[in-house]
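Down below is the structure, laid out as structure tokens.
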Amino acid sequence: MQFPPFGQPPFPLVLPGRSVIQMPVSKLFRLGVLGSGQGSNFVAIAEGIASGQVPAEVALVLSDVEASGILAQARSRGLPASYLPPGKFRTKLDEEAEKSLVAQLQAAQVDLVVLAGFMRVLKNDFLRAFEGRIVNIHPSLLPCFPGLQAWKQALDYGVKVTGCTVHFVDAGIDSGAIIGQQTVPVLDHDTPETLHQRIHAAEHELYPRCVAALARGDIAIHGRRVVWRPAV
């Protein structure tokens with residue numbers, strides 16, 4: 001893969017056999033953010049945008065929890081934010097909710113879907129609609145400790161170093177190509193709560209940095225390898 005001149009849109013995210021994200025030079029990179037909880041990673045990205053470190057704008061924030069903190073945080077910043085009724089299932093969106101999710105993100109013309117603590121499984125129709133354009137952050141150094149309570153998995157296993165991972169989302173469980181990682185030491189006196197807290201702090205540094213790199217066009221993919229330019 002050859003890169004275009006440094007910093008020039010469209011951003012060169014090319015997944016073999018998948019979609020290519022292309023942006024006109026005049027268009028600001030647009031984020032659609034999905035979350036279910038307090039939204040601390042969303043806040044970190046929003047603050048990065050406000051400071052000029054993340055060259056993007058939040059086009060839409062959606063949550064499956066009506067009283068979620070992420071919706072309150074978005075509204076306090078004057079950003080478009082809506083509750084998405086999830087339907088009858090506990091761990092996934094029902095068919096109508098998923099169609100509504102896709103329609104709202106497409107209407108908002110988002111370039112990247114950012115999962116920030118979204119606690120619903122996203123199915124194939126959604127993944128196809130935004131193929132190669134969905135990112136997530138996971139509280140471990142993938143591929144180690146995928147799934148729930150990754151910080152507790154790491155502590156119970158006895159590793160000396162864990163961390164967090166920003167990755168593209170595919171149909172597997174935390175199995176998409178890795179964009180960036182940040183390490184966190186596991187201390188002898190750690191509890192699941194103290195380790196989780198330090199991983200959260202690392203997430204708030206890593207996620208805005210990775211989103212900014214995607215927005216600037218500093219990332220391309222070779223197979224499963226995500227290549228940054230310049231190297232970090």
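Identifiers in this document derive from the order of the structure tokens: chains are assigned A, B, ..., residues are numbered from 1 separately in each chain, and ligands are numbered from 1 in order of occurrence.
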
Would you give me, as a tab-separated table, each residue of segment 85-149 of chain A having an atom within 6 Å of an atom of segment 36-51 of chain A, along with its shortest atom pair and that distance in Å to one decimal, using only C-alpha atoms and sorting by chain and residue number?
```
residue	atom	partner	partner_atom	distance
A:Ala116	CA	A:Asn41	CA	5.9
A:Gly117	CA	A:Ser36	CA	5.8
A:Phe118	CA	A:Ser36	CA	4.8
A:Met119	CA	A:Ser36	CA	6.0
```

Exercise: Glu203 of chain A partners within 9 Å, only C-alpha atoms, chain neighbours under 6 positions left out, as a ChimeraX atom specification:
/A:41,44,137-139,163-166,182

Could you take the residues named above and write them with C-alpha atoms, as a compact mmCIF listing (two decimals), in the first residue's frame?
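So the final result, stored in result-v3.txt, reads:
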```txt
# COMPACT_ATOMS: atom_id res chain seq x y z
CA ASN A 41 -13.91 7.84 27.28
CA ALA A 44 -11.71 12.32 26.94
CA ILE A 137 -11.45 0.21 23.43
CA HIS A 138 -10.88 -2.86 25.57
CA PRO A 139 -9.30 -2.95 29.07
CA GLY A 163 -3.22 -2.30 29.75
CA CYS A 164 -5.76 -1.29 27.13
CA THR A 165 -6.26 -1.75 23.41
CA VAL A 166 -8.03 0.29 20.73
CA GLN A 182 -0.94 1.26 26.22
```

Shell around His196 of chain A at 12 Å using only C-alpha atoms, local window under 4 positions removed, as number ranges by chain:
A: 138-140, 149-155, 162-164, 184-187, 190-192, 200-203

Could you tell me how far atom CA of Val58 of chain A sits from atom CA of His204 of chain A, in Å to one decimal place?
16.6 Å

Between A:Ala56, A:Ala97, A:Leu141, A:Ala107, which is the closest to Lys160 of chain A once you count only C-alpha atoms?
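Nearest to Lys160 of chain A: A:Leu141.
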
Choose the residue, out of A:Gly158, A:Pro208, A:Gly176, A:Gly35, that has the smallest atom-to-atom separation from Val54 of chain A; count only C-alpha atoms.
A:Pro208

Correct to one decimal, the distance atom CA of Ile199 of chain A-atom CA of Thr183 of chain A is 8.4 Å
